[in-house]
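A.B. asks: This is upload20.cif (mmCIF, C-alpha atoms).
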```
data_protein
#
loop_
_atom_site.label_atom_id
_atom_site.label_comp_id
_atom_site.auth_asym_id
_atom_site.auth_seq_id
_atom_site.Cartn_x
_atom_site.Cartn_y
_atom_site.Cartn_z
CA MET A 19 36.86 34.99 -100.82
CA PRO A 20 38.91 31.82 -101.40
CA GLU A 21 37.68 29.48 -104.12
CA GLN A 22 34.62 27.51 -103.00
CA GLU A 23 34.50 29.26 -99.61
CA HIS A 24 31.02 30.55 -100.44
CA ILE A 25 29.96 26.96 -101.16
CA PHE A 26 31.30 25.76 -97.82
CA GLN A 27 29.48 28.52 -95.99
CA ALA A 28 26.20 27.92 -97.81
CA GLN A 29 26.18 24.15 -97.30
CA ARG A 30 27.06 24.59 -93.63
CA ALA A 31 24.21 27.08 -93.18
CA TRP A 32 21.75 24.73 -94.87
CA ALA A 33 22.86 21.71 -92.89
CA GLU A 34 22.80 23.56 -89.57
CA LYS A 35 19.33 24.97 -90.29
CA SER A 36 18.04 21.47 -91.08
CA LEU A 37 19.68 20.15 -87.92
CA PHE A 38 17.94 22.75 -85.76
CA THR A 39 14.65 22.07 -87.52
CA LEU A 40 15.05 18.33 -86.97
CA ARG A 41 15.77 18.86 -83.27
CA SER A 42 12.64 21.00 -82.96
CA PHE A 43 10.63 18.01 -84.22
CA LEU A 44 12.01 15.52 -81.69
CA PRO A 45 9.66 16.47 -78.79
CA LEU A 46 6.73 15.75 -81.11
CA MET A 47 7.56 12.04 -80.82
CA ALA A 48 6.32 12.16 -77.19
CA PRO A 49 2.81 10.85 -77.96
CA VAL A 50 4.36 7.81 -79.60
CA GLY A 51 6.74 7.22 -76.71
CA GLY A 52 3.93 7.71 -74.19
CA TYR A 53 1.60 5.19 -75.79
CA ALA A 54 0.47 2.15 -73.77
CA TRP A 55 3.20 -0.17 -75.05
CA GLY A 56 4.38 -3.28 -73.30
CA ASN A 57 7.90 -2.97 -71.89
CA ALA A 58 9.56 -4.85 -74.75
CA GLU A 59 7.54 -2.93 -77.34
CA ARG A 60 8.42 0.43 -75.78
CA ARG A 61 12.09 -0.48 -75.85
CA THR A 62 11.97 -1.52 -79.52
CA ILE A 63 10.14 1.61 -80.67
CA GLY A 64 12.37 3.83 -78.54
CA GLU A 65 15.55 2.27 -79.87
CA LEU A 66 14.44 2.64 -83.50
CA ALA A 67 13.36 6.25 -82.99
CA SER A 68 16.63 7.07 -81.23
CA ALA A 69 18.80 5.34 -83.84
CA THR A 70 17.18 7.15 -86.77
CA ALA A 71 17.34 10.54 -85.02
CA ARG A 72 20.99 10.02 -84.07
CA ALA A 73 22.01 9.00 -87.59
CA SER A 74 20.07 11.96 -89.00
CA GLU A 75 22.03 14.39 -86.83
CA SER A 76 25.33 12.75 -87.78
CA ALA A 77 24.49 12.98 -91.49
CA LEU A 78 23.68 16.68 -91.20
CA LEU A 79 26.89 17.36 -89.31
CA LEU A 80 28.84 15.66 -92.10
CA CYS A 81 26.98 17.82 -94.64
CA ALA A 82 27.96 20.93 -92.69
CA TYR A 83 31.61 20.08 -93.29
CA GLY A 84 31.18 19.07 -96.92
CA GLN A 85 31.46 15.31 -96.41
CA LEU A 86 28.44 14.58 -98.60
CA TRP A 87 29.44 11.10 -99.71
CA ASP A 88 29.84 9.89 -96.14
CA ALA A 89 26.54 11.55 -95.29
CA GLU A 90 24.92 9.50 -98.06
CA VAL A 91 25.70 6.30 -96.15
CA LEU A 92 24.10 7.64 -92.97
CA VAL A 93 21.01 8.94 -94.77
CA ARG A 94 20.69 5.45 -96.24
CA SER A 95 20.67 4.10 -92.70
CA VAL A 96 18.03 6.65 -91.67
CA LEU A 97 15.86 5.58 -94.58
CA GLU A 98 16.17 1.90 -93.72
CA GLY A 99 15.41 2.56 -90.05
CA THR A 100 12.41 4.68 -91.03
CA LEU A 101 11.07 1.90 -93.24
CA LYS A 102 11.37 -0.58 -90.38
CA PHE A 103 9.66 1.85 -88.02
CA ALA A 104 6.86 2.34 -90.55
CA TYR A 105 6.51 -1.38 -91.25
CA LEU A 106 6.25 -2.13 -87.52
CA LEU A 107 3.61 0.53 -86.89
CA GLN A 108 1.66 0.21 -90.11
CA SER A 109 -1.23 -1.68 -88.54
CA HIS A 110 -2.44 -2.89 -85.15
CA GLU A 111 -3.38 -6.19 -86.79
CA THR A 112 0.18 -6.97 -87.88
CA PHE A 113 2.10 -5.29 -85.06
CA ALA A 114 2.54 -8.26 -82.72
CA VAL A 115 3.91 -10.55 -85.43
CA ARG A 116 6.18 -7.92 -86.93
CA HIS A 117 7.45 -6.89 -83.52
CA ARG A 118 8.36 -10.49 -82.69
CA GLU A 119 10.12 -10.89 -86.03
CA TYR A 120 12.14 -7.69 -85.61
CA SER A 121 12.96 -7.81 -81.90
CA GLN A 122 13.30 -11.56 -81.41
CA ASP A 123 13.67 -13.61 -84.60
CA LEU A 124 16.05 -11.25 -86.42
CA PHE A 125 17.90 -10.56 -83.17
CA GLU A 126 18.52 -14.26 -82.57
CA LEU A 127 19.59 -14.75 -86.17
CA ALA A 128 22.10 -11.93 -85.74
CA LEU A 129 23.42 -13.59 -82.57
CA LEU A 130 24.10 -16.77 -84.53
CA LYS A 131 25.95 -14.85 -87.22
CA ASP A 132 27.99 -12.92 -84.67
CA HIS A 133 28.85 -16.17 -82.90
CA GLN A 134 30.30 -17.65 -86.07
CA LYS A 135 32.31 -14.52 -86.80
CA ALA A 136 33.71 -14.60 -83.25
CA VAL A 137 34.67 -18.25 -83.74
CA SER A 138 36.53 -17.36 -86.94
CA LEU A 139 38.33 -14.46 -85.27
CA LEU A 140 39.45 -16.52 -82.28
CA ALA A 141 40.60 -19.32 -84.58
CA ALA A 142 42.94 -16.85 -86.28
CA THR A 143 44.69 -15.88 -83.03
CA SER A 144 47.72 -17.60 -81.55
CA ASP A 145 46.15 -17.75 -78.08
CA PRO A 146 42.34 -17.52 -78.13
CA ASP A 147 42.23 -18.01 -74.35
CA ALA A 148 44.34 -14.91 -73.65
CA PRO A 149 42.71 -12.23 -71.47
CA ASP A 150 42.83 -9.74 -74.36
CA TRP A 151 40.26 -11.81 -76.26
CA GLN A 152 37.69 -11.94 -73.46
CA PRO A 153 35.37 -9.41 -75.16
CA ILE A 154 35.27 -11.65 -78.24
CA ARG A 155 34.74 -14.82 -76.18
CA ASP A 156 31.80 -13.06 -74.54
CA ARG A 157 30.12 -13.04 -77.96
CA LEU A 158 30.18 -16.83 -78.14
CA LEU A 159 26.90 -18.60 -77.47
CA PRO A 160 26.74 -21.59 -75.12
CA ASP A 161 26.44 -24.81 -77.11
CA ASP A 162 22.88 -25.54 -75.98
CA GLU A 163 21.68 -22.01 -76.76
CA ARG A 164 23.38 -22.05 -80.17
CA ASP A 165 21.81 -25.41 -81.04
CA GLN A 166 18.39 -24.26 -79.86
CA LEU A 167 18.57 -21.13 -82.01
CA LYS A 168 19.68 -23.13 -85.03
CA GLN A 169 16.75 -25.49 -84.64
CA SER A 170 14.17 -22.76 -84.05
CA MET A 171 13.95 -21.86 -87.73
CA THR A 172 14.70 -23.67 -90.98
CA PRO A 173 17.26 -22.17 -93.39
CA ALA A 174 14.46 -21.39 -95.83
CA ALA A 175 12.49 -19.59 -93.12
CA ARG A 176 15.58 -17.57 -92.17
CA ARG A 177 16.12 -16.49 -95.76
CA ASP A 178 12.48 -15.47 -96.10
CA LEU A 179 12.62 -13.49 -92.87
CA GLU A 180 15.72 -11.59 -93.95
CA ARG A 181 14.26 -10.96 -97.40
CA ARG A 182 11.05 -9.48 -96.00
CA TRP A 183 12.94 -7.22 -93.59
CA GLY A 184 15.54 -6.12 -96.15
CA PHE A 185 15.15 -2.85 -98.03
CA THR A 186 13.56 -4.38 -101.13
CA GLY A 187 11.16 -6.50 -99.10
CA LEU A 188 10.07 -3.59 -96.92
CA VAL A 189 9.52 -1.22 -99.84
CA GLY A 190 7.66 -3.89 -101.79
CA GLU A 191 5.34 -4.73 -98.90
CA LEU A 192 4.59 -1.11 -98.08
CA GLU A 193 4.00 -0.24 -101.72
CA ARG A 194 1.71 -3.21 -102.36
CA SER A 195 -0.38 -2.36 -99.30
CA ASN A 196 -1.85 0.70 -101.05
CA ASP A 197 -1.45 2.56 -97.77
CA PRO A 198 -1.67 6.30 -98.62
CA LEU A 199 1.22 7.09 -96.25
CA PHE A 200 3.55 5.05 -98.45
CA ARG A 201 2.46 6.30 -101.84
CA HIS A 202 5.54 6.35 -104.10
CA ILE A 203 7.76 4.89 -101.35
CA GLY A 204 9.46 2.90 -104.09
CA ALA A 205 10.96 6.15 -105.36
CA THR A 206 13.44 6.00 -102.45
CA ALA A 207 15.13 3.00 -104.07
CA PHE A 208 17.30 5.08 -106.40
CA ALA A 209 18.96 7.16 -103.67
CA TYR A 210 19.30 4.02 -101.55
CA ALA A 211 21.04 2.24 -104.42
CA MET A 212 23.43 5.11 -105.02
CA ALA A 213 24.31 5.24 -101.32
CA SER A 214 24.87 1.48 -101.41
CA HIS A 215 27.45 1.99 -104.16
CA ILE A 216 29.27 4.41 -101.86
CA GLN A 217 29.03 2.15 -98.83
CA HIS A 218 30.23 -0.97 -100.62
CA VAL A 219 32.93 0.90 -102.58
CA ASP A 220 32.10 -0.83 -105.83
CA ALA A 221 33.31 0.58 -109.15
CA ILE A 222 30.44 3.07 -109.27
CA GLY A 223 30.80 4.15 -105.66
CA SER A 224 34.53 4.72 -105.90
CA SER A 225 34.33 6.71 -109.14
CA ILE A 226 31.40 9.10 -108.59
CA PRO A 227 33.09 11.44 -106.06
CA LEU A 228 36.24 11.79 -108.17
CA GLU A 229 34.24 12.43 -111.33
CA ARG A 230 32.53 15.35 -109.61
CA ASP A 231 35.84 16.78 -108.40
CA LEU A 232 37.10 16.81 -112.00
CA ARG A 233 34.19 18.86 -113.33
CA GLY A 234 34.45 22.52 -114.19
CA GLU A 235 33.78 25.00 -111.40
CA GLU A 236 30.19 25.95 -112.30
CA ARG A 237 29.06 22.37 -112.91
CA ARG A 238 30.79 21.20 -109.73
CA GLU A 239 29.41 23.93 -107.49
CA THR A 240 25.81 23.76 -108.70
CA ILE A 241 25.60 19.99 -108.32
CA GLN A 242 27.27 20.27 -104.91
CA MET A 243 24.51 22.56 -103.68
CA ALA A 244 21.78 20.42 -105.23
CA HIS A 245 23.32 17.39 -103.52
CA VAL A 246 23.55 19.00 -100.09
CA GLY A 247 19.98 20.19 -100.50
CA ARG A 248 18.69 16.66 -100.93
CA LEU A 249 20.81 15.32 -98.08
CA ALA A 250 19.67 18.13 -95.78
CA GLY A 251 16.05 17.59 -96.70
CA ASP A 252 15.77 13.80 -96.61
CA PRO A 253 16.21 13.42 -92.82
CA LEU A 254 13.38 15.91 -92.32
CA ARG A 255 11.11 14.05 -94.71
CA PHE A 256 11.92 10.72 -93.08
CA MET A 257 11.22 12.22 -89.64
CA PHE A 258 7.83 13.38 -90.90
CA LEU A 259 7.03 9.87 -92.09
CA ARG A 260 7.93 8.40 -88.70
CA LEU A 261 5.74 10.98 -86.96
CA ALA A 262 2.83 10.38 -89.34
CA VAL A 263 2.96 6.61 -88.92
CA GLY A 264 3.43 6.86 -85.16
CA TYR A 265 0.57 9.34 -84.69
CA ARG A 266 -1.78 7.23 -86.76
CA PHE A 267 -0.92 4.05 -84.86
CA THR A 268 -1.28 5.65 -81.43
CA GLY A 269 -4.33 7.73 -82.27
CA ALA A 270 -2.55 10.97 -81.36
CA ASP A 271 -3.86 14.35 -82.50
CA ARG A 272 -2.31 14.86 -85.92
CA SER A 273 -2.78 18.64 -86.09
CA PRO A 274 0.88 19.35 -85.10
CA LEU A 275 1.95 17.56 -88.27
CA VAL A 276 0.51 20.38 -90.36
CA GLU A 277 3.17 22.78 -89.08
CA VAL A 278 5.84 20.08 -89.38
CA LYS A 279 4.98 19.68 -93.05
CA ALA A 280 4.94 23.47 -93.54
CA ALA A 281 8.37 23.81 -91.89
CA ILE A 282 9.80 21.11 -94.13
CA ASP A 283 8.30 22.79 -97.21
CA ARG A 284 9.93 26.08 -96.23
CA GLU A 285 13.28 24.38 -95.91
CA ALA A 286 12.78 22.54 -99.19
CA ALA A 287 12.11 25.70 -101.21
CA GLN A 288 15.77 26.73 -101.23
CA PHE A 289 16.83 23.15 -101.93
CA GLN A 290 14.51 23.00 -104.94
CA GLN A 291 15.94 26.26 -106.25
CA ALA A 292 19.45 24.83 -106.01
CA TYR A 293 18.32 21.79 -107.94
CA ARG A 294 16.84 23.94 -110.72
CA GLU A 295 20.04 25.98 -110.93
CA TRP A 296 22.05 22.80 -111.35
CA MET A 297 19.66 21.49 -114.01
CA THR A 298 19.92 24.77 -115.93
CA THR A 299 23.72 24.55 -115.79
CA GLU A 300 23.91 20.87 -116.66
CA TYR A 301 21.23 20.93 -119.39
CA PRO A 302 21.21 24.52 -120.71
CA ASP A 303 19.17 23.74 -123.82
CA ALA A 304 16.33 21.95 -122.05
CA ASP A 305 12.96 23.57 -121.31
CA PHE A 306 12.39 22.70 -117.66
CA TYR A 307 9.23 22.81 -115.65
CA THR A 308 9.64 25.63 -113.11
CA GLY A 309 6.51 25.19 -111.00
CA PRO A 310 6.29 23.56 -107.60
CA SER A 311 7.76 20.09 -107.20
CA PRO A 312 5.18 17.31 -107.40
CA GLU A 313 4.05 15.85 -104.05
#
```
Rewrite the coordinates I just gave you, this time as structure tokens.

C.D. replies:
Amino acid sequence: MPEQEHIFQAQRAWAEKSLFTLRSFLPLMAPVGGYAWGNAERRTIGELASATARASESALLLCAYGQLWDAEVLVRSVLEGTLKFAYLLQSHETFAVRHREYSQDLFELALLKDHQKAVSLLAATSDPDAPDWQPIRDRLLPDDERDQLKQSMTPAARRDLERRWGFTGLVGELERSNDPLFRHIGATAFAYAMASHIQHVDAIGSSIPLERDLRGEERRETIQMAHVGRLAGDPLRFMFLRLAVGYRFTGADRSPLVEVKAAIDREAAQFQQAYREWMTTEYPDADFYTGPSPE
């Protein structure tokens, strides 16, 4: 067998198995979709659920072909979408305000930012009125609408809104709420930060993949399998969180979640074994705990 071919086959098998498991969970979102939402609310929840599921599938397909670093960026997106989904549906008491902030206030703020970027792009062209630039001109806001959006919120209020809906703000709010569904949600910050290094191609993000490639074969292969195990497992865990939050909010029967959790645990067992094999290779003199992973 060619060098590393067994690794390629194993990571593809793991990723494909997780993909099929994820797809088997998708119909379970039906009670959330069928809840008595208003039209705008149904659209918002549906779009978030669709976006996170789509990015999850894309990440797993990248894992199947060994593109783990690119998958990291998509799993980061799945995490952020899951946090927004959870924050929206955390409580009936806060839902209306949070829905308005997400679907209207942040949307309008994004329109203003896109308008300014379109202005800058058109200003850099020799003929901004040319037919080829019509799609960009379509992103421009009418003067009265732009002025109205600018006046609808102070700069300080805009900054606060973006802070609260950013990753750090969402994690902090969910963690401080003492909601049992979000116990230890702050632990996701490390993987999110590492994926951010990759996405932004800073000095850490550009060096990590090459450093791995330069390792010896055993160290490289064991960490590769531990890495694909986490990436294949995270979309399943994030899907479970979306289901748990959605079922609680809608009052749906939560008994199907027992089997969802059991299926994820079965998948995770092989991922945990790969992690232990990497740890034994990387730290051969350490005395590691070999029992079940903490919940």

A.B. asks: With all atoms listed in the file as the counted atoms, please give the residues lying no more than 12 Å from A:Thr298, apart from itself and same-chain residues fewer than 3 positions off, as a list in words.

C.D. replies: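 Once the nearby chain positions are removed, what remains is Glu236, Arg237, Thr240, Ile241, Ala244, Gln291, Ala292, Tyr293, Arg294, Glu295, Tyr301, Pro302, Asp303, Ala304, Asp305, Phe306, Tyr307 and Thr308 of chain A.
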
A.B. asks: Name all residues at most 7 Å from stretch 185-192 of chain A (count only C-alpha atoms; drop same-chain ones fewer than 2 positions away) and give them as a PyMOL selection string.

C.D. replies: chain A and resi 98+101+181-183+194-195+200+203-204

A.B. asks: Can you check which parts of stretch 227-259 of chain A lie within 12 Å of stretch 271-277 of chain A? Per residue, the shortest pair of atoms and distance in Å to one decimal, counting all atoms listed in the file, sorted by chain and number, as CSV.

C.D. replies:
```
residue,atom,partner,partner_atom,distance
A:Arg255,CA,A:Leu275,CA,11.7
A:Met257,CA,A:Leu275,CA,10.8
A:Phe258,CA,A:Leu275,CA,7.7
A:Leu259,CA,A:Leu275,CA,10.0
```

A.B. asks: Could those residues be written to a file, using C-alpha atoms, as a PDB file, in the frame of the given file?

C.D. replies:
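The resulting file, again-v9.pdb, is shown below:
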```pdb
ATOM      1  CA  ARG A 255      11.110  14.050 -94.710  1.00  0.00           C
ATOM      2  CA  MET A 257      11.220  12.220 -89.640  1.00  0.00           C
ATOM      3  CA  PHE A 258       7.830  13.380 -90.900  1.00  0.00           C
ATOM      4  CA  LEU A 259       7.030   9.870 -92.090  1.00  0.00           C
TER       5      LEU A 259
END
```

A.B. asks: Apply the PyMOL selection byres ((chain A and resi 63-71) around 9) to the file shown and report the selected residues as a VMD selection string.

C.D. replies: chain A and resid 40 to 41 44 47 50 to 51 58 to 62 72 to 76 95 to 100 102 to 103 106 253 256 to 257 260

A.B. asks: Given the selection you just returned, output its residues as a file containing C-alpha atoms, formatted as a PDB file, keeping the file's coordinate frame.

C.D. replies:
```pdb
ATOM      1  CA  LEU A  40      15.050  18.330 -86.970  1.00  0.00           C
ATOM      2  CA  ARG A  41      15.770  18.860 -83.270  1.00  0.00           C
ATOM      3  CA  LEU A  44      12.010  15.520 -81.690  1.00  0.00           C
ATOM      4  CA  MET A  47       7.560  12.040 -80.820  1.00  0.00           C
ATOM      5  CA  VAL A  50       4.360   7.810 -79.600  1.00  0.00           C
ATOM      6  CA  GLY A  51       6.740   7.220 -76.710  1.00  0.00           C
ATOM      7  CA  ALA A  58       9.560  -4.850 -74.750  1.00  0.00           C
ATOM      8  CA  GLU A  59       7.540  -2.930 -77.340  1.00  0.00           C
ATOM      9  CA  ARG A  60       8.420   0.430 -75.780  1.00  0.00           C
ATOM     10  CA  ARG A  61      12.090  -0.480 -75.850  1.00  0.00           C
ATOM     11  CA  THR A  62      11.970  -1.520 -79.520  1.00  0.00           C
ATOM     12  CA  ARG A  72      20.990  10.020 -84.070  1.00  0.00           C
ATOM     13  CA  ALA A  73      22.010   9.000 -87.590  1.00  0.00           C
ATOM     14  CA  SER A  74      20.070  11.960 -89.000  1.00  0.00           C
ATOM     15  CA  GLU A  75      22.030  14.390 -86.830  1.00  0.00           C
ATOM     16  CA  SER A  76      25.330  12.750 -87.780  1.00  0.00           C
ATOM     17  CA  SER A  95      20.670   4.100 -92.700  1.00  0.00           C
ATOM     18  CA  VAL A  96      18.030   6.650 -91.670  1.00  0.00           C
ATOM     19  CA  LEU A  97      15.860   5.580 -94.580  1.00  0.00           C
ATOM     20  CA  GLU A  98      16.170   1.900 -93.720  1.00  0.00           C
ATOM     21  CA  GLY A  99      15.410   2.560 -90.050  1.00  0.00           C
ATOM     22  CA  THR A 100      12.410   4.680 -91.030  1.00  0.00           C
ATOM     23  CA  LYS A 102      11.370  -0.580 -90.380  1.00  0.00           C
ATOM     24  CA  PHE A 103       9.660   1.850 -88.020  1.00  0.00           C
ATOM     25  CA  LEU A 106       6.250  -2.130 -87.520  1.00  0.00           C
ATOM     26  CA  PRO A 253      16.210  13.420 -92.820  1.00  0.00           C
ATOM     27  CA  PHE A 256      11.920  10.720 -93.080  1.00  0.00           C
ATOM     28  CA  MET A 257      11.220  12.220 -89.640  1.00  0.00           C
ATOM     29  CA  ARG A 260       7.930   8.400 -88.700  1.00  0.00           C
TER      30      ARG A 260
END
```

A.B. asks: For each of A:Phe289, A:Tyr105, A:Phe26, A:Tyr210, take the minimum atom-to-atom distance to A:Asp197, counting all atoms listed in the file, then give the residue where this is smallest.

C.D. replies: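 Closest to A:Asp197 of all the choices is A:Tyr105.
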
A.B. asks: When the PyMOL selection byres ((chain A and resi 78) around 12) is applied to the file above, which residues end up in the set, as a compact mmCIF listing (two decimals) with C-alpha atoms, in the coordinates of the input?

C.D. replies:
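Just written: out_3.txt:
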```txt
# COMPACT_ATOMS: atom_id res chain seq x y z
CA GLN A 29 26.18 24.15 -97.30
CA ARG A 30 27.06 24.59 -93.63
CA ALA A 31 24.21 27.08 -93.18
CA TRP A 32 21.75 24.73 -94.87
CA ALA A 33 22.86 21.71 -92.89
CA GLU A 34 22.80 23.56 -89.57
CA LYS A 35 19.33 24.97 -90.29
CA SER A 36 18.04 21.47 -91.08
CA LEU A 37 19.68 20.15 -87.92
CA PHE A 38 17.94 22.75 -85.76
CA THR A 39 14.65 22.07 -87.52
CA LEU A 40 15.05 18.33 -86.97
CA ARG A 41 15.77 18.86 -83.27
CA ALA A 71 17.34 10.54 -85.02
CA ARG A 72 20.99 10.02 -84.07
CA ALA A 73 22.01 9.00 -87.59
CA SER A 74 20.07 11.96 -89.00
CA GLU A 75 22.03 14.39 -86.83
CA SER A 76 25.33 12.75 -87.78
CA ALA A 77 24.49 12.98 -91.49
CA LEU A 79 26.89 17.36 -89.31
CA LEU A 80 28.84 15.66 -92.10
CA CYS A 81 26.98 17.82 -94.64
CA ALA A 82 27.96 20.93 -92.69
CA TYR A 83 31.61 20.08 -93.29
CA GLY A 84 31.18 19.07 -96.92
CA GLN A 85 31.46 15.31 -96.41
CA LEU A 86 28.44 14.58 -98.60
CA TRP A 87 29.44 11.10 -99.71
CA ASP A 88 29.84 9.89 -96.14
CA ALA A 89 26.54 11.55 -95.29
CA GLU A 90 24.92 9.50 -98.06
CA VAL A 91 25.70 6.30 -96.15
CA LEU A 92 24.10 7.64 -92.97
CA VAL A 93 21.01 8.94 -94.77
CA VAL A 96 18.03 6.65 -91.67
CA VAL A 246 23.55 19.00 -100.09
CA GLY A 247 19.98 20.19 -100.50
CA ARG A 248 18.69 16.66 -100.93
CA LEU A 249 20.81 15.32 -98.08
CA ALA A 250 19.67 18.13 -95.78
CA GLY A 251 16.05 17.59 -96.70
CA ASP A 252 15.77 13.80 -96.61
CA PRO A 253 16.21 13.42 -92.82
CA LEU A 254 13.38 15.91 -92.32
```
